[in-house]
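Asks: Sending over a structure as structure tokens; questions will come in a sec.
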Amino acid sequence: MSEKKRPERVEYTKEMNKAGYTILIPSMAPIHFAMLRYIFRSSGYNLEVLENQGPEVVQEGLKYVHNDTCYPALLVIGQMLDALHSGKYDLQKTALMITQTGGGCRASNYIFLLRKALRKAGMAHIPVISLNLSGLEKNSGFTLSLGMIRKLVACVVYGDAMMQLFNQVRPYECAQGAAQKVVDQWTEVICKQFDAGKGISIGQMRENLSGIAAAFAAVPVKKRPRVRVGVVGEIYVKYASLGNNNLEDFLRSQGCEYMVPGIMGFAMFKVDNRLEDIKLYGGNPAKYAVCTVLMKYLTAMERELIAAIRKYPQFVPPSAYQHTKSLVKGVIGYGSKMGEGWLLTAEMMELAELGYGNVVCTQPFGCLPNHINGKGMIRRIKEIYPSANIVPIDYDPSATRVNQENRIKLMLAVAREELAKETGEAPAAEEAEEKETVTL
């Protein structure tokens with residue numbers, strides 16, 4: 001569509017922000033987004049993370065988005081339209097926010113699909129804010145200050161730390177809910193620090209991360225053999241329960257311990273790609289300098305996260321980004337960077353190396369980057385890690401949950417047999433027996 005014919009974008013203005021507009025964003029990673037919500041609210045934006053789920057969200061998405069479009073777009077737009085139609089919000093004082101990367105993935109077009117859906121639904125007056133660091137779109141009523149960016153980076157680090165430790169403690173906790181209590185307590189502590197302008201320096205983060213790791217290490221646990229599962233895939237489907245049909249709940253019901261690689265690796269991957277592009281094709285030296293500084297900053301944050309977890313031998317710390325990147329050298333080219341790109345292959349190899357070689361590769365049906373870097377690399381990964389047990393799972397409106405779960409169960413059956421051979425003891429599976437359900 002030419003610029004002349006393109007419908008005029010509704011800007012989110014300073015007046016709207018002063019009027020107390022509610023800004024709605026789709027849900028994804030719950031631990032991270034709880035802090036993200038607080039960061040925006042303490043910065044003067046009335047932000048709310050949507051939690052509405054269920055088949056009505058999918059149906060709403062199908063109503064306003066073509067069914068050949070990327071499944072995460074259908075879900076995100078469906079969740080937002082379902083919320084707007086719920087009657088809960090004043091449609092004259094509501095705005096929407098969505099990320100915009102500007103890359104080759106279809107995710108770059110979500111914002112335009114959302115605006116098209118709003119016009120179709122008769123709500124074209126609702127502004128859509130682009131959350132990006134590339135200057136793709138600007139709104140006079142919304143700016144990312146340096147302070148907010150530093151807090152958002154810290155949010156990713158703290159969120160990754162709590163997510164990793166929560167997933168390693170929860171399957172073994174003696175008192176149900178003990179690990180969640182640690183998450184809730186430390187989320188509150190960190191948000192209060194953010195409010196006071198603290199918790200974002202290297203020293204303060206080192207102290208907080210050490211406290212978080214110590215708190216999880218103090219949770220009473222009862223260890224027994226459990227199948228270890230890794231979860232990788234397209235970023236939304238990997239983290240959002242709405243996108244993966246509550247995959248984490250299902251894995252817990254099957255008596256598994258699971259690991260989901262953190263968001264920090266994806267953030268570093270995106271910054272690293274900018275550096276590689278400038279090295280290969282040339283570019284703005286100032287942009288290269290800024291990306292170099294940002295990469296060093298993220299690396300320092302990552303180093304503190306890993307060091308805090310490594311203090312406790314009962315925990316498995318994530319691998320450093322540069323090590324994860326080195327795993328795919330000679331396996332897949334670094335030029336494969338659309339969507340999750342080579343990082344998806346690298347994360348599967350990282351999980352196999354860390355002892356989580358039973359991998360669920362979540363992918364939206366028809367997601368070309370996932371099919372190339374995920375499903376397409378399974379055979380090559382198995383040549384390097386013969387014990388890797390990987391199952392690709394497509395998520396789509398037409399894919400039934402029972403079929404997805406049955407495929408994962410087949411993978412887990414093989415995993416349990418292998419674990420029994422290694423330990424001489426039957427792995428934990430009592431939850432699977434007690435909570436067995438069939439859902440269409």
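As shown in the structure tokens, the chain order sets the letters A, B, ...; within each chain, residues go from 1, and ligands are also counted from 1 in the order they appear.
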Please list as a PyMOL selection string every residue within 10 Å of Ala34 of chain A, counting only C-alpha atoms and excluding residues in the same chain fewer than 5 positions away.

Replies: chain A and resi 27+29+39+48-49+155+159+184+187-188+191

Asks: Give me, as JSON, numbers by chain, all polymer residues having an atom no more than 9 Å from Gly357 of chain A, counting only C-alpha atoms and skipping those fewer than 6 positions away in the same chain.

Replies: {"A": [228, 229, 230, 348, 349, 350, 351, 385, 387, 388, 389, 390]}

Asks: Please return, as a PyMOL selection string, all residues of segment 148-350 of chain A that DSSP assigns to alpha helix (DSSP H) on the basis of the backbone.

Replies: chain A and resi 148-169+178-195+202-217+235-239+247-253+263-281+285-310+321-327+341-350

Asks: Mind pulling up the distance from atom CA of Glu340 of chain A to atom CA of Pro55 of chain A?

Replies: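 Interatomic distance here is 27.2 Å.
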
Asks: Residues near segment 110-114 of chain A, anyone? I mean within 12 Å using only C-alpha atoms, not counting same-chain ones fewer than 2 positions away, as a PyMOL selection string.

Replies: chain A and resi 1+6-10+61+64-66+69-81+95-103+105-108+116-121+123-124+126-132+136-137

Asks: Within 9 Å of Ser326 of chain A, counting only C-alpha atoms, which residues show up once you throw out same-chain ones fewer than 4 positions away? Write them as a list of chain:residue names, please.

Replies: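 Selected residues are A:Tyr321, A:Gln322, A:Ala346.
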
Asks: I need the strand (DSSP E) residues of segment 121-238 of chain A per DSSP on the backbone, written as a VMD selection string.

Replies: chain A and resid 128 to 131 228 to 233

Asks: Could you check the closest approach to Gly374 of chain A for each of A:Val414, A:Ala308, A:Ala196, A:Val232 and tell me which residue wins, using only C-alpha atoms?

Replies: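 Once distances to Gly374 of chain A are computed over only C-alpha atoms, the minimum belongs to A:Val232.
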
Asks: Can you work out which one of A:Ala267, A:Ala240, A:Ile393, A:Glu257 has the shortest atom-to-atom distance to Phe166 of chain A, counting only C-alpha atoms?

Replies: A:Glu257

Asks: Could you make a table, as JSON lines, of the residues of segment 145-217 of chain A that have an atom within 12 Å of an atom of segment 302-306 of chain A, each with its nearest atom pair and distance in Å to one decimal, counting only C-alpha atoms, in chain and number order?

Replies:
{"residue": "A:Val153", "atom": "CA", "partner": "A:Glu302", "partner_atom": "CA", "distance": 10.4}
{"residue": "A:Ala154", "atom": "CA", "partner": "A:Glu302", "partner_atom": "CA", "distance": 10.2}
{"residue": "A:Cys155", "atom": "CA", "partner": "A:Leu305", "partner_atom": "CA", "distance": 12.0}
{"residue": "A:Val156", "atom": "CA", "partner": "A:Glu302", "partner_atom": "CA", "distance": 9.9}
{"residue": "A:Val157", "atom": "CA", "partner": "A:Leu305", "partner_atom": "CA", "distance": 6.8}
{"residue": "A:Tyr158", "atom": "CA", "partner": "A:Leu305", "partner_atom": "CA", "distance": 8.0}
{"residue": "A:Gly159", "atom": "CA", "partner": "A:Leu305", "partner_atom": "CA", "distance": 10.3}
{"residue": "A:Asp160", "atom": "CA", "partner": "A:Leu305", "partner_atom": "CA", "distance": 8.3}
{"residue": "A:Ala161", "atom": "CA", "partner": "A:Leu305", "partner_atom": "CA", "distance": 6.5}
{"residue": "A:Met162", "atom": "CA", "partner": "A:Leu305", "partner_atom": "CA", "distance": 10.1}
{"residue": "A:Met163", "atom": "CA", "partner": "A:Leu305", "partner_atom": "CA", "distance": 11.8}
{"residue": "A:Gln164", "atom": "CA", "partner": "A:Leu305", "partner_atom": "CA", "distance": 10.4}
{"residue": "A:Leu165", "atom": "CA", "partner": "A:Leu305", "partner_atom": "CA", "distance": 11.1}
{"residue": "A:Ser201", "atom": "CA", "partner": "A:Glu304", "partner_atom": "CA", "distance": 11.2}
{"residue": "A:Ile202", "atom": "CA", "partner": "A:Glu304", "partner_atom": "CA", "distance": 8.0}
{"residue": "A:Gly203", "atom": "CA", "partner": "A:Glu304", "partner_atom": "CA", "distance": 9.3}
{"residue": "A:Gln204", "atom": "CA", "partner": "A:Glu304", "partner_atom": "CA", "distance": 10.5}
{"residue": "A:Met205", "atom": "CA", "partner": "A:Glu304", "partner_atom": "CA", "distance": 7.6}
{"residue": "A:Arg206", "atom": "CA", "partner": "A:Glu304", "partner_atom": "CA", "distance": 5.9}
{"residue": "A:Glu207", "atom": "CA", "partner": "A:Glu304", "partner_atom": "CA", "distance": 9.4}
{"residue": "A:Asn208", "atom": "CA", "partner": "A:Leu305", "partner_atom": "CA", "distance": 9.8}
{"residue": "A:Leu209", "atom": "CA", "partner": "A:Leu305", "partner_atom": "CA", "distance": 6.5}
{"residue": "A:Ser210", "atom": "CA", "partner": "A:Leu305", "partner_atom": "CA", "distance": 8.5}
{"residue": "A:Gly211", "atom": "CA", "partner": "A:Leu305", "partner_atom": "CA", "distance": 11.4}
{"residue": "A:Ile212", "atom": "CA", "partner": "A:Leu305", "partner_atom": "CA", "distance": 10.2}
{"residue": "A:Ala213", "atom": "CA", "partner": "A:Leu305", "partner_atom": "CA", "distance": 9.4}

Asks: Would you mind listing what lies within 12 Å of Gln314 of chain A as a list in words, with only C-alpha atoms counted and same-chain residues fewer than 6 positions away left out?

Replies: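 Using only C-alpha atoms, the neighbours found are Leu165, Gln168, Val169, Tyr172, Ala213, Ala214, Phe216, Ala217, Ala218, Val219, Val221 and Lys223 of chain A.
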
Asks: Residues near segment 242-246 of chain A, anyone? I mean within 12 Å using only C-alpha atoms, not counting same-chain ones fewer than 4 positions away, as a ChimeraX atom specification.

Replies: /A:26-30,50-58,70-76,78-79,231-238,250-253,360-365,393-397,399-405,439-440

Asks: Could you list, as a list of chain:residue names, every residue within 12 Å of Thr324 of chain A, counting only C-alpha atoms and ignoring same-chain residues fewer than 3 positions away?

Replies: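 Everything that qualifies: A:Pro261, A:Gly265, A:Phe266, A:Met268, A:Phe269, A:Pro318, A:Ser319, A:Ala320, A:Tyr321, A:Leu327, A:Val328, A:Lys329, A:Trp342, A:Leu343, A:Leu344, A:Thr345, A:Ala346, A:Glu347, A:Met348, A:Met349, A:Glu350, A:Leu351, A:Ala352, A:Glu353, A:Leu354.
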
Asks: Give me a file of those residues, with C-alpha atoms, as a PDB file, in the first residue's frame.

Replies:
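That gives us selection.pdb:
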ATOM      1  CA  PRO A 261      16.330 -20.509  28.050  1.00  0.00           C
ATOM      2  CA  GLY A 265      20.094 -14.602  25.253  1.00  0.00           C
ATOM      3  CA  PHE A 266      17.514 -13.408  22.724  1.00  0.00           C
ATOM      4  CA  MET A 268      21.978 -10.297  23.113  1.00  0.00           C
ATOM      5  CA  PHE A 269      21.300 -12.155  19.863  1.00  0.00           C
ATOM      6  CA  PRO A 318      22.604 -21.016  31.909  1.00  0.00           C
ATOM      7  CA  SER A 319      25.516 -20.928  29.479  1.00  0.00           C
ATOM      8  CA  ALA A 320      27.100 -17.621  28.520  1.00  0.00           C
ATOM      9  CA  TYR A 321      25.828 -16.208  25.230  1.00  0.00           C
ATOM     10  CA  LEU A 327      28.200 -24.306  19.676  1.00  0.00           C
ATOM     11  CA  VAL A 328      26.742 -23.738  16.195  1.00  0.00           C
ATOM     12  CA  LYS A 329      30.012 -22.836  14.509  1.00  0.00           C
ATOM     13  CA  TRP A 342      20.697 -19.709  14.557  1.00  0.00           C
ATOM     14  CA  LEU A 343      20.019 -19.043  18.257  1.00  0.00           C
ATOM     15  CA  LEU A 344      17.213 -21.621  18.123  1.00  0.00           C
ATOM     16  CA  THR A 345      19.661 -24.293  16.954  1.00  0.00           C
ATOM     17  CA  ALA A 346      22.197 -23.131  19.538  1.00  0.00           C
ATOM     18  CA  GLU A 347      19.682 -23.316  22.391  1.00  0.00           C
ATOM     19  CA  MET A 348      18.826 -26.930  21.560  1.00  0.00           C
ATOM     20  CA  MET A 349      22.534 -27.768  21.622  1.00  0.00           C
ATOM     21  CA  GLU A 350      23.000 -25.808  24.856  1.00  0.00           C
ATOM     22  CA  LEU A 351      20.155 -27.722  26.524  1.00  0.00           C
ATOM     23  CA  ALA A 352      21.631 -31.053  25.406  1.00  0.00           C
ATOM     24  CA  GLU A 353      24.980 -29.989  26.856  1.00  0.00           C
ATOM     25  CA  LEU A 354      23.367 -28.944  30.168  1.00  0.00           C
TER      26      LEU A 354
END

Asks: My list of candidates is A:Val260, A:Val182, A:Val227, A:Leu36. Which is closest to Leu152 of chain A when distances are computed with only C-alpha atoms?

Replies: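 Checking each of A:Val260, A:Val182, A:Val227, A:Leu36 against Leu152 of chain A, counting only C-alpha atoms, the winner is A:Leu36.
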
Asks: Counting only C-alpha atoms, which residues of segment 379-433 of chain A fall within 10 Å of segment 331-338 of chain A, and what is the closest atom pair for each with its distance in Å at one decimal, ordered by chain and rising number, as a Markdown table?

Replies:
| residue | atom | partner | partner_atom | distance |
| --- | --- | --- | --- | --- |
| A:Arg380 | CA | A:Val331 | CA | 7.5 |
| A:Ile381 | CA | A:Val331 | CA | 8.4 |
| A:Ile384 | CA | A:Val331 | CA | 9.6 |

Asks: Kindly export the residues of the current selection with C-alpha atoms, as a compact mmCIF listing (two decimals), in the first residue's frame.

Replies:
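This went into result30.txt:
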# COMPACT_ATOMS: atom_id res chain seq x y z
CA ARG A 380 22.32 -32.50 12.51
CA ILE A 381 22.02 -31.92 16.27
CA ILE A 384 26.53 -34.24 17.50
